[in-house]
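A.B. asks: This is coords19.txt, which holds compact mmCIF, C-alpha atoms:
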# COMPACT_ATOMS: atom_id res chain seq x y z
CA MET A 1021 131.07 183.77 94.66
CA ILE A 1022 131.51 180.46 96.43
CA THR A 1023 128.51 178.14 96.28
CA ALA A 1024 127.91 176.41 99.59
CA PRO A 1025 128.03 172.62 99.25
CA ALA A 1026 125.17 170.44 100.38
CA PRO A 1027 125.57 169.14 103.96
CA ILE A 1028 125.20 165.57 102.75
CA SER A 1029 128.17 166.04 100.39
CA VAL A 1030 130.35 167.32 103.22
CA GLY A 1031 129.25 164.42 105.41
CA LEU A 1032 130.06 161.97 102.62
CA LEU A 1033 133.48 163.58 102.19
CA LEU A 1034 134.32 163.25 105.89
CA GLY A 1035 132.92 159.76 106.21
CA LEU A 1036 134.73 158.33 103.22
CA SER A 1037 138.05 160.01 104.06
CA PHE A 1038 137.76 158.72 107.65
CA PHE A 1039 137.05 155.23 106.28
CA LEU A 1040 140.06 155.42 103.96
CA GLY A 1041 142.30 156.64 106.78
CA LEU A 1042 141.11 153.86 109.08
CA ALA A 1043 141.99 151.21 106.50
CA PHE A 1044 145.36 152.92 105.90
CA GLU A 1045 146.30 152.87 109.58
CA ASP A 1046 145.14 149.29 110.05
CA PHE A 1047 147.25 148.15 107.10
CA PHE A 1048 150.46 149.95 108.12
CA ALA A 1049 150.02 149.09 111.81
CA ARG A 1050 151.55 145.72 110.89
CA THR A 1051 154.86 147.39 109.98
CA HIS A 1052 157.38 149.11 112.25
CA THR A 1053 157.77 152.19 110.05
CA ARG A 1054 155.37 155.12 110.34
CA ARG A 1055 153.86 156.45 107.15
CA PRO A 1056 152.31 159.86 106.46
CA GLY A 1057 148.55 159.63 106.29
CA GLY A 1058 145.83 158.06 108.33
CA ILE A 1059 142.63 158.64 110.23
CA ARG A 1060 143.38 162.34 110.88
CA THR A 1061 145.49 163.25 107.84
CA PHE A 1062 143.14 161.95 105.18
CA PRO A 1063 140.04 163.88 106.37
CA MET A 1064 142.19 167.03 106.51
CA LEU A 1065 143.50 166.44 103.00
CA ALA A 1066 139.98 165.78 101.72
CA LEU A 1067 138.64 168.95 103.38
CA GLY A 1068 141.54 170.98 101.97
CA GLY A 1069 140.96 169.61 98.48
CA GLY A 1070 137.22 170.28 98.73
CA VAL A 1071 137.66 173.86 99.90
CA LEU A 1072 140.24 174.66 97.22
CA TYR A 1073 137.90 173.20 94.62
CA LEU A 1074 135.06 175.45 95.82
CA PHE A 1075 137.22 178.58 95.39
CA ASP A 1076 137.33 178.01 91.62
CA PRO A 1077 135.15 175.10 90.46
CA ALA A 1078 135.40 176.25 86.83
CA HIS A 1079 139.18 176.41 86.28
CA PHE A 1080 140.57 174.49 89.30
CA VAL A 1081 143.47 176.90 89.77
CA PRO A 1082 143.62 176.79 93.64
CA PHE A 1083 142.87 173.08 93.62
CA THR A 1084 145.69 172.42 91.12
CA GLY A 1085 148.07 174.53 93.21
CA GLY A 1086 147.27 172.46 96.28
CA LEU A 1087 147.79 169.25 94.34
CA LEU A 1088 151.21 170.46 93.13
CA ALA A 1089 152.20 171.38 96.68
CA LEU A 1090 151.15 167.98 97.97
CA GLY A 1091 152.97 166.30 95.08
CA ALA A 1092 156.19 168.21 95.83
CA TRP A 1093 156.07 167.15 99.47
CA LEU A 1094 155.37 163.54 98.55
CA ALA A 1095 158.28 163.60 96.09
CA ILE A 1096 160.62 164.60 98.91
CA TYR A 1097 159.17 161.89 101.10
CA TYR A 1098 159.54 159.27 98.39
CA ARG A 1099 163.19 160.18 97.84
CA GLU A 1100 163.85 159.49 101.51
CA LEU A 1101 161.73 156.34 101.38
CA LEU A 1102 163.96 154.86 98.68
CA ARG A 1103 166.82 154.75 101.19
CA GLU A 1104 164.89 152.41 103.47
CA ARG A 1105 165.08 148.65 103.17
CA ASP A 1106 162.31 146.13 103.70
CA GLY A 1107 164.85 143.31 103.83
CA PRO A 1108 168.63 142.88 103.68
CA ASP A 1109 168.90 143.91 100.03
CA GLU A 1110 165.36 144.95 99.09
CA PRO A 1111 164.63 148.70 98.71
CA ASN A 1112 161.30 150.00 99.96
CA VAL A 1113 159.77 151.37 96.75
CA GLY A 1114 156.06 150.92 97.41
CA LEU A 1115 153.77 153.59 95.98
CA LEU A 1116 150.77 152.94 98.23
CA VAL A 1117 151.49 155.85 100.56
CA LEU A 1118 151.81 158.34 97.71
CA VAL A 1119 148.76 157.13 95.84
CA LEU A 1120 146.48 157.07 98.90
CA ASN A 1121 147.51 160.54 100.05
CA ILE A 1122 146.76 161.93 96.59
CA GLN A 1123 143.46 160.06 96.49
CA ALA A 1124 142.48 161.50 99.88
CA TYR A 1125 143.12 164.99 98.50
CA LEU A 1126 141.17 164.29 95.28
CA LEU A 1127 138.31 162.83 97.29
CA GLY A 1128 137.36 166.31 98.46
CA ALA A 1129 136.60 167.52 94.95
CA ILE A 1130 135.08 164.19 93.90
CA ALA A 1131 132.59 164.18 96.78
CA LEU A 1132 131.50 167.77 96.10
CA ALA A 1133 131.49 167.80 92.30
CA LEU A 1134 130.43 164.33 91.18
CA PRO A 1135 127.52 162.01 91.98
CA PRO A 1136 127.89 160.29 95.37
CA TRP A 1137 128.35 156.83 93.88
CA VAL A 1138 131.62 157.92 92.25
CA ALA A 1139 133.16 158.89 95.58
CA VAL A 1140 131.87 155.76 97.28
CA ALA A 1141 133.01 153.44 94.47
CA THR A 1142 136.54 154.86 94.27
CA THR A 1143 137.03 154.82 98.04
CA VAL A 1144 135.65 151.33 98.59
CA THR A 1145 137.67 149.96 95.68
CA SER A 1146 140.86 151.47 97.09
CA VAL A 1147 140.18 150.02 100.54
CA LEU A 1148 139.48 146.57 99.12
CA LEU A 1149 142.68 146.67 97.06
CA LEU A 1150 144.64 147.84 100.09
CA THR A 1151 143.32 145.28 102.56
CA GLY A 1152 143.19 142.40 100.08
CA ARG A 1153 146.92 142.37 99.49
CA GLU A 1154 147.57 138.76 100.52
CA GLN A 1155 144.53 137.39 98.71
CA LEU A 1156 145.42 139.26 95.53
CA HIS A 1157 149.04 138.12 95.65
CA ASN A 1158 147.92 134.52 96.20
CA LEU A 1159 145.56 134.85 93.24
CA ALA A 1160 148.35 136.21 91.06
CA ARG A 1161 150.57 133.27 92.02
CA ARG A 1162 147.83 130.75 91.19
CA ILE A 1163 146.90 132.15 87.78
CA GLU A 1164 149.09 130.93 84.95
CA ILE A 1165 150.51 133.33 82.41
CA LYS A 1166 148.47 131.73 79.62
CA GLU A 1167 145.26 132.73 81.42
CA ILE A 1168 146.43 136.35 81.45
CA ILE A 1169 147.16 136.11 77.74
CA THR A 1170 143.68 134.66 77.19
CA ALA A 1171 142.13 137.56 79.11
CA GLY A 1172 143.98 139.86 76.74
CA GLN A 1173 142.56 137.94 73.80
CA PHE A 1174 139.06 138.44 75.23
CA LEU A 1175 139.68 142.19 75.39
CA VAL A 1176 140.80 142.06 71.76
CA LEU A 1177 137.62 140.18 70.80
CA THR A 1178 135.31 142.59 72.61
CA GLY A 1179 137.11 145.93 72.73
CA ILE A 1180 138.82 146.05 69.33
CA ILE A 1181 137.24 143.64 66.85
CA LEU A 1182 133.57 143.98 67.88
CA PRO A 1183 133.32 147.81 67.51
CA LEU A 1184 135.02 147.67 64.10
CA LEU A 1185 132.61 145.17 62.54
CA PRO A 1186 129.77 146.52 60.37
CA SER A 1187 126.25 146.38 61.75
CA GLU A 1188 124.64 145.91 58.31
CA PRO A 1189 124.39 142.65 56.35
CA VAL A 1190 127.24 142.20 53.88
CA THR A 1191 125.40 139.65 51.71
CA THR A 1192 121.85 138.96 50.61
CA LEU A 1193 122.26 135.29 51.53
CA THR A 1194 121.62 136.00 55.21
CA SER A 1195 120.28 138.83 57.34
CA ILE A 1196 122.88 138.23 60.05
CA THR A 1197 125.44 141.05 60.27
CA PRO A 1198 129.14 140.57 61.07
CA ARG A 1199 128.64 142.39 64.39
CA GLN A 1200 125.80 140.03 65.34
CA ALA A 1201 127.95 137.03 64.51
CA TRP A 1202 130.82 138.30 66.64
CA LEU A 1203 128.49 139.29 69.48
CA ALA A 1204 127.14 135.74 69.51
CA LEU A 1205 130.70 134.49 69.76
CA VAL A 1206 131.41 136.79 72.70
CA ALA A 1207 128.23 135.76 74.53
CA VAL A 1208 128.84 132.02 74.26
CA CYS A 1209 132.57 132.20 74.92
CA SER A 1210 132.07 134.38 78.00
CA ILE A 1211 129.79 131.80 79.66
CA SER A 1212 132.08 128.95 78.65
CA TYR A 1213 135.18 130.79 79.84
CA ALA A 1214 133.68 131.50 83.26
CA SER A 1215 132.88 127.79 83.60
CA TYR A 1216 136.35 126.87 82.36
CA LEU A 1217 138.03 129.03 85.01
CA ALA A 1218 135.79 127.68 87.76
CA GLN A 1219 136.61 124.10 86.78
CA ARG A 1220 140.31 124.81 86.52
CA TYR A 1221 140.79 126.61 89.84
CA TRP A 1222 137.90 125.31 91.94
CA ALA A 1223 138.28 121.60 91.21
CA PRO A 1224 140.23 120.57 94.35
CA LYS A 1225 137.40 121.83 96.59
CA ALA A 1226 134.40 120.81 94.51
CA SER A 1227 132.50 117.56 94.27
CA ALA A 1228 132.02 115.68 91.03
CA LEU A 1229 128.41 116.88 90.66
CA TRP A 1230 129.41 120.53 90.99
CA MET A 1231 132.06 120.01 88.37
CA ALA A 1232 129.51 118.34 86.11
CA ALA A 1233 127.19 121.34 86.48
CA LEU A 1234 130.03 123.68 85.56
CA GLY A 1235 130.83 121.41 82.64
CA GLY A 1236 127.26 121.79 81.42
CA LEU A 1237 127.83 125.53 81.24
CA TYR A 1238 131.01 124.98 79.27
CA SER A 1239 130.05 122.08 76.99
CA SER A 1240 127.71 119.28 77.98
CA THR A 1241 129.09 117.13 75.16
CA ALA A 1242 132.71 117.46 76.33
CA THR A 1243 131.61 116.83 79.92
CA THR A 1244 129.71 113.69 78.91
CA VAL A 1245 132.75 112.30 77.12
CA ALA A 1246 135.04 113.06 80.07
CA LEU A 1247 132.71 111.52 82.66
CA ALA A 1248 132.00 108.46 80.50
CA ARG A 1249 135.73 107.82 80.11
CA GLN A 1250 136.16 108.20 83.86
CA ALA A 1251 133.34 105.73 84.47
CA GLY A 1252 135.10 103.21 82.29
CA THR A 1253 138.29 103.24 84.34
CA GLU A 1254 137.25 103.51 88.01
CA ALA A 1255 134.52 102.94 90.55
CA GLY A 1256 131.85 105.46 91.38
CA ASP A 1257 130.03 105.09 88.07
CA GLY A 1258 126.64 105.81 89.69
CA GLU A 1259 127.64 109.32 90.63
CA LEU A 1260 129.26 109.79 87.24
CA GLN A 1261 125.96 108.82 85.61
CA ALA A 1262 124.25 111.49 87.70
CA GLY A 1263 126.89 113.98 86.56
CA ILE A 1264 126.27 113.19 82.89
CA THR A 1265 122.53 113.76 83.31
CA LEU A 1266 123.13 116.94 85.31
CA ALA A 1267 125.37 118.41 82.60
CA SER A 1268 122.56 118.05 80.06
CA GLY A 1269 120.06 119.56 82.50
CA VAL A 1270 122.29 122.61 82.89
CA MET A 1271 122.67 122.78 79.10
CA TYR A 1272 118.96 123.61 78.74
CA LEU A 1273 119.28 126.54 81.16
CA ARG A 1274 122.44 127.74 79.43
CA ILE A 1275 120.71 127.80 76.05
CA LEU A 1276 117.73 129.65 77.53
CA ALA A 1277 120.04 132.29 79.04
CA VAL A 1278 121.92 132.81 75.77
CA VAL A 1279 118.69 133.11 73.76
CA ALA A 1280 117.30 135.61 76.29
CA VAL A 1281 120.26 137.91 75.65
CA PHE A 1282 119.34 138.28 71.97
CA ASN A 1283 115.64 137.51 71.69
CA GLY A 1284 113.43 137.97 74.73
CA MET A 1285 110.25 136.91 72.95
CA LEU A 1286 111.78 133.64 71.74
CA ALA A 1287 113.24 132.99 75.19
CA TRP A 1288 109.81 133.52 76.74
CA ARG A 1289 108.35 131.00 74.30
CA LEU A 1290 111.11 128.51 75.04
CA ALA A 1291 111.17 128.96 78.81
CA PRO A 1292 108.43 126.45 79.80
CA ALA A 1293 109.86 123.71 77.58
CA LEU A 1294 113.53 124.21 78.47
CA CYS A 1295 112.84 124.66 82.18
CA GLY A 1296 110.62 121.56 82.16
CA LEU A 1297 113.28 119.47 80.43
CA SER A 1298 115.93 120.80 82.81
CA LEU A 1299 113.74 119.92 85.79
CA ALA A 1300 113.23 116.41 84.42
CA ALA A 1301 116.99 116.01 84.04
CA LEU A 1302 117.57 117.23 87.59
CA LEU A 1303 115.01 114.76 88.96
CA ILE A 1304 116.67 111.89 87.08
CA CYS A 1305 120.07 113.12 88.33
CA ALA A 1306 118.78 113.15 91.92
CA LEU A 1307 117.48 109.58 91.56
CA GLN A 1308 120.77 108.38 90.08
CA TYR A 1309 122.73 110.12 92.83
CA TRP A 1310 120.50 108.65 95.56
CA ARG A 1311 120.97 105.15 94.19
CA ALA A 1312 124.73 105.71 93.93
CA LYS A 1313 124.94 106.89 97.55
CA ARG A 1314 123.05 103.83 98.73
CA ARG A 1315 125.65 101.60 97.06
CA SER A 1316 128.68 103.64 98.10
CA PRO A 1317 128.44 106.44 100.70
CA GLN A 1318 131.94 107.70 99.88
CA PRO A 1319 131.65 110.77 97.56
CA LEU A 1320 133.53 110.73 94.29
CA GLN A 1321 136.04 113.55 93.99
CA ALA A 1322 136.16 115.79 90.95
CA LYS A 1323 139.00 115.65 88.47
CA PRO A 1324 140.28 118.99 87.13
CA PRO A 1325 139.43 120.06 84.49
CA MET A 1326 136.89 117.88 82.71
CA THR A 1327 136.55 119.88 79.52
CA GLY A 1328 138.81 120.62 76.61
CA GLY A 1329 140.79 123.66 75.65
CA ASN A 1330 140.28 127.28 76.49
CA PRO A 1331 137.08 128.57 74.83
CA LEU A 1332 138.57 132.04 74.37
CA ALA A 1333 141.57 130.87 72.40
CA LEU A 1334 141.63 132.62 69.05
CA GLY A 1335 141.51 129.29 67.20
CA SER A 1336 138.29 128.33 69.01
CA ALA A 1337 136.86 131.77 68.30
CA ALA A 1338 137.64 131.49 64.60
CA LEU A 1339 136.07 128.01 64.43
CA PHE A 1340 132.90 129.19 66.17
CA SER A 1341 132.60 132.19 63.84
CA ALA A 1342 133.00 129.97 60.78
CA LEU A 1343 130.34 127.57 62.07
CA PHE A 1344 128.00 130.45 62.88
CA ILE A 1345 128.28 131.90 59.38
CA LEU A 1346 127.89 128.48 57.75
CA VAL A 1347 124.80 127.68 59.83
CA SER A 1348 123.35 131.11 59.06
CA LEU A 1349 123.73 130.56 55.31
CA LEU A 1350 122.32 127.03 55.54
CA SER A 1351 119.35 128.16 57.63
CA THR A 1352 118.37 130.83 55.12
CA TRP A 1353 118.81 128.50 52.14
CA VAL A 1354 116.98 125.55 53.72
CA LYS A 1355 114.13 127.73 54.94
CA SER A 1356 113.63 129.30 51.48
CA HIS A 1357 113.81 126.00 49.55
CA PHE A 1358 112.30 123.43 51.90
CA GLY A 1359 110.27 125.46 54.39
CA VAL A 1360 109.69 124.46 57.99
CA SER A 1361 110.44 120.77 57.43
CA GLY A 1362 113.85 121.69 56.03
CA LEU A 1363 114.59 123.84 59.07
CA TYR A 1364 113.67 120.98 61.39
CA SER A 1365 115.90 118.61 59.41
CA LEU A 1366 118.79 121.05 59.65
CA ALA A 1367 118.21 121.30 63.41
CA ALA A 1368 118.49 117.53 63.73
CA VAL A 1369 121.74 117.53 61.72
CA VAL A 1370 123.48 120.42 63.52
CA GLY A 1371 122.61 118.86 66.88
CA ILE A 1372 125.29 116.24 66.33
CA THR A 1373 127.96 118.96 65.96
CA ASP A 1374 127.48 122.12 68.00
CA VAL A 1375 124.06 123.55 68.84
CA ASP A 1376 125.25 127.01 69.88
CA PRO A 1377 125.81 128.49 66.39
CA PHE A 1378 122.41 127.22 65.24
CA VAL A 1379 120.57 128.46 68.35
CA LEU A 1380 122.17 131.89 68.23
CA ASN A 1381 121.54 132.20 64.51
CA LEU A 1382 117.81 131.64 65.05
CA ALA A 1383 117.75 133.96 68.08
CA GLN A 1384 119.25 136.80 66.03
CA GLY A 1385 116.88 136.46 63.10
CA GLY A 1386 118.85 134.14 60.83
CA ALA A 1387 115.60 132.58 59.60
CA SER A 1388 113.70 135.83 59.15
CA GLY A 1389 109.94 135.64 58.81
CA THR A 1390 109.73 132.37 60.75
CA PRO A 1391 107.19 132.27 63.61
CA ALA A 1392 108.56 132.08 67.14
CA GLU A 1393 106.85 128.72 67.65
CA THR A 1394 108.74 127.23 64.70
CA LEU A 1395 112.05 128.64 65.94
CA ALA A 1396 111.43 127.26 69.42
CA ALA A 1397 110.61 123.82 67.99
CA ALA A 1398 113.77 123.84 65.86
CA ILE A 1399 115.91 124.69 68.90
CA LEU A 1400 114.34 121.87 70.91
CA ILE A 1401 114.99 119.42 68.05
CA ALA A 1402 118.64 120.51 67.92
CA CYS A 1403 118.98 119.95 71.69
CA SER A 1404 117.36 116.54 71.37
CA SER A 1405 119.69 115.56 68.55
CA ASN A 1406 122.62 116.62 70.69
CA ASN A 1407 121.35 114.44 73.54
CA ILE A 1408 121.22 111.43 71.20
CA LEU A 1409 124.85 112.10 70.31
CA LYS A 1410 125.80 112.31 73.99
CA ALA A 1411 123.93 109.08 74.73
CA ALA A 1412 126.06 107.35 72.08
CA TYR A 1413 129.21 108.88 73.57
CA ALA A 1414 128.22 107.70 77.05
CA ALA A 1415 127.70 104.15 75.83
CA VAL A 1416 130.86 104.00 73.70
CA PHE A 1417 133.44 105.72 75.90
CA ALA A 1418 132.42 104.12 79.19
CA GLY A 1419 132.79 100.62 77.89
CA ARG A 1420 130.64 99.33 80.75
CA ARG A 1421 127.02 98.37 81.24
CA ALA A 1422 126.88 100.61 84.31
CA VAL A 1423 126.67 103.75 82.19
CA ALA A 1424 123.60 102.51 80.34
CA GLY A 1425 121.45 104.43 82.81
CA SER A 1426 122.92 107.73 81.60
CA ALA A 1427 122.44 106.78 77.95
CA ALA A 1428 118.83 105.89 78.67
CA ALA A 1429 118.27 109.16 80.54
CA LEU A 1430 119.68 111.19 77.65
CA ALA A 1431 117.59 109.25 75.16
CA PHE A 1432 114.49 109.91 77.27
CA LEU A 1433 115.28 113.65 77.34
CA ALA A 1434 115.76 113.60 73.56
CA VAL A 1435 112.40 111.93 72.97
CA ALA A 1436 110.70 114.31 75.39
CA GLY A 1437 112.31 117.27 73.64
CA VAL A 1438 111.10 116.14 70.22
CA ALA A 1439 107.59 115.56 71.57
CA VAL A 1440 107.46 119.05 73.04
CA ALA A 1441 108.89 120.48 69.79
CA LEU A 1442 106.15 118.84 67.74
CA LEU A 1443 103.55 120.12 70.17
CA ILE A 1444 104.89 123.68 70.00
CA GLY A 1445 105.43 123.62 66.23
CA GLY A 1446 101.91 122.37 65.61
CA ALA A 1447 103.04 119.29 63.71
Show me, as structure tokens, the structure contained in the file I just sent.

C.D. replies:
Amino acid sequence: MITAPAPISVGLLLGLSFFLGLAFEDFFARTHTRRPGGIRTFPMLALGGGVLYLFDPAHFVPFTGGLLALGAWLAIYYRELLRERDGPDEPNVGLLVLVLNIQAYLLGAIALALPPWVAVATTVTSVLLLTGREQLHNLARRIEIKEIITAGQFLVLTGIILPLLPSEPVTTLTSITPRQAWLALVAVCSISYASYLAQRYWAPKASALWMAALGGLYSSTATTVALARQAGTEAGDGELQAGITLASGVMYLRILAVVAVFNGMLAWRLAPALCGLSLAALLICALQYWRAKRRSPQPLQAKPPMTGGNPLALGSAALFSALFILVSLLSTWVKSHFGVSGLYSLAAVVGITDVDPFVLNLAQGGASGTPAETLAAAILIACSSNNILKAAYAAVFAGRRAVAGSAAALAFLAVAGVAVALLIGGA
């Protein structure tokens, strides 16, 4: 017995097939050759597929027969299509017509058998891919092959290595598991990689301050070095000073976001301090930018890209993992032998290298049994130590007195961070 479909499912079927046919006709209206399919054909195919599905929704025998019949007809059509030429010597071998006709037929069963969002998502995605042909081809021409390889490396990191790692500690020296260590790597590298791509492909259209903000998401230390070197070789140092301060302001928000992924309670404890420090950095940045604009109204253009290598390169991933494990072991050892003061000292030391492994180690329970207030204070001390390092970089690499404002701003943020850390930690 055939079960009557819900009216809303039939309406969804007709609406989506009509929408798909409309996009099909609009796309092929730009060519002189007529193609099978369109605003009438696709609704008919969807209705036919839906009805055949209803005849046998358990075994799909009529529905499969209809699909085979449609496939046979499309095979004949495609054989004739191969004889056509788009240009003098270019055969017309596009598969869009075949794929969209089959999708219109499948849409009937999808709309009646699956949740509505599946039918909507598949149809809208197909229309966007169909109508975005030029934009997608332009994107493919802009992206270098090494970026595609890097995307493949990211899939290896997340889709192959991560599921295979054990979720239990493999040593008594630390409570961090291999899966936690690799997940921390994925989290940090994903944010850095998004910033890296934005800097690489958005730079010609972005101002220096926007690029500095993106650099803060990638690495505020690398951004500080790049901007300080630029300030030492050309004019516009006032805006570059603002960019250095802005990168550190964004760093606070980046750390807060990463901690929130792994430890909501610690992130909640850190939020007032990190947001306050970020706001202070933004206010200093605004003052520096205002003073720079008063001296020179001409905006300084960004230079692509400001940061170093690709953060998803396997060498960078291996280095981060090694640092994460080393920091995890040191945190456990220092905490057990020297207590809270040892943890604070370690935070000050790791701040001059890379704060991410230390922050993520604490967020994932690397110093188990430590109160959230102590962990928050240690993270703030690490950030302050990193700001001292960046202040030194700003002074050394610029080679000019003009960058002293940035060094002073970073030193002020470092002192403020330590003061807040002592207040939170109860020292």

A.B. asks: Do a neighbour search on A:Ala1441 at 7 Å with all atoms listed in the file, toss out local chain neighbours closer than 4 positions, and write the hits as an MDAnalysis selection string.

C.D. replies: chainID A and resid 1397 1400:1401 1437 1445

A.B. asks: Separation of atom CA of A:Phe1048 and atom CA of A:Val1030, in Å?

C.D. replies: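 Atom-to-atom, atom CA of A:Phe1048 and atom CA of A:Val1030 are spaced 27.0 Å apart.
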
A.B. asks: I'd like the interatomic distance between atom CA of A:Trp1310 and atom CA of A:Val1440, to a tenth of an Å.

C.D. replies: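 Between atom CA of A:Trp1310 and atom CA of A:Val1440 the gap works out to 28.0 Å.
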
A.B. asks: Nearest residue to A:Val1144 out of A:Leu1090, A:Val1117, A:His1157, A:Gly1041, using only C-alpha atoms?

C.D. replies: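 Using only C-alpha atoms, the shortest distance to A:Val1144 belongs to A:Gly1041.
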
A.B. asks: May I ask for the distance between atom CA of A:Ala1439 and atom CA of A:Ala1233, given in Å to one decimal place?

C.D. replies: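 It comes out at 25.3 Å.
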
A.B. asks: Would you list the residues near (121.6, 116.1, 83.4) (no more than 9 Å away, in the coordinates of the file, using all atoms listed in the file) as number ranges by chain?

C.D. replies: A: 1232-1233, 1236, 1240, 1261-1271, 1298, 1300-1305, 1426, 1429-1430

A.B. asks: Ranking A:Val1119, A:Leu1290, A:Leu1350, A:Cys1403 by minimum distance to A:Phe1062 and counting all atoms listed in the file, which one comes first?

C.D. replies: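 Checking each candidate against A:Phe1062, we get A:Val1119 as the closest.
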
A.B. asks: Give the answer as one residue: which of A:Val1206, A:Leu1217, A:Ala1139, A:Leu1307 has the shortest atom-to-atom distance to A:Ile1168, using only C-alpha atoms?

C.D. replies: A:Leu1217

A.B. asks: Of the residues A:Ile1444, A:Leu1247, A:Leu1237, A:Val1438, which is the one nearest to A:Ala1368, using all atoms listed in the file?

C.D. replies: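 Counting all atoms listed in the file, the residue closest to A:Ala1368 is A:Val1438.
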
A.B. asks: Kindly indicate which residue among A:Leu1149, A:Ala1280, A:Cys1209, A:Leu1273 lies nearest to A:Leu1299, using only C-alpha atoms for the distances.

C.D. replies: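 Nearest to A:Leu1299: A:Leu1273.
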
A.B. asks: Which residue, A:Ala1024, A:Glu1188, A:Ser1146, A:Gly1152, has the smallest gap to A:Phe1075 when you use all atoms listed in the file?

C.D. replies: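 Smallest separation from A:Phe1075 among the options: A:Ala1024.
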
A.B. asks: Counting all atoms listed in the file, give me one row per residue of stretch 1101-1187 of chain A with an atom at most 9 Å from an atom of stretch 1091-1096 of chain A, showing the shortest contact pair and its distance in Å to one decimal, sorted by chain then residue number, as a Markdown table.

C.D. replies:
| residue | atom | partner | partner_atom | distance |
| --- | --- | --- | --- | --- |
| A:Leu1101 | CA | A:Ile1096 | CA | 8.7 |
| A:Val1117 | CA | A:Leu1094 | CA | 8.8 |
| A:Leu1118 | CA | A:Leu1094 | CA | 6.4 |
| A:Asn1121 | CA | A:Leu1094 | CA | 8.5 |
| A:Ile1122 | CA | A:Gly1091 | CA | 7.7 |

A.B. asks: Taking all atoms of stretch 1122-1130 of chain A that the file lists, what box with edges along x, y and z, padded by 6 Å per side, do you get, with centre and edge lengths in Å to one decimal, as JSON?

C.D. replies:
{"center_x": 140.9, "center_y": 163.8, "center_z": 96.9, "size_x": 23.7, "size_y": 19.5, "size_z": 18.0}

A.B. asks: Please list, as a list in words, the residues that have an atom at most 7 Å away from (122.6, 123.3, 60.0) in the coordinates of this file, counting all atoms listed in the file.

C.D. replies: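 These residues have at least one counted atom within 7 Å: Val1347, Leu1350, Ser1351, Leu1366, Ala1367, Val1369, Val1370 and Phe1378 of chain A.
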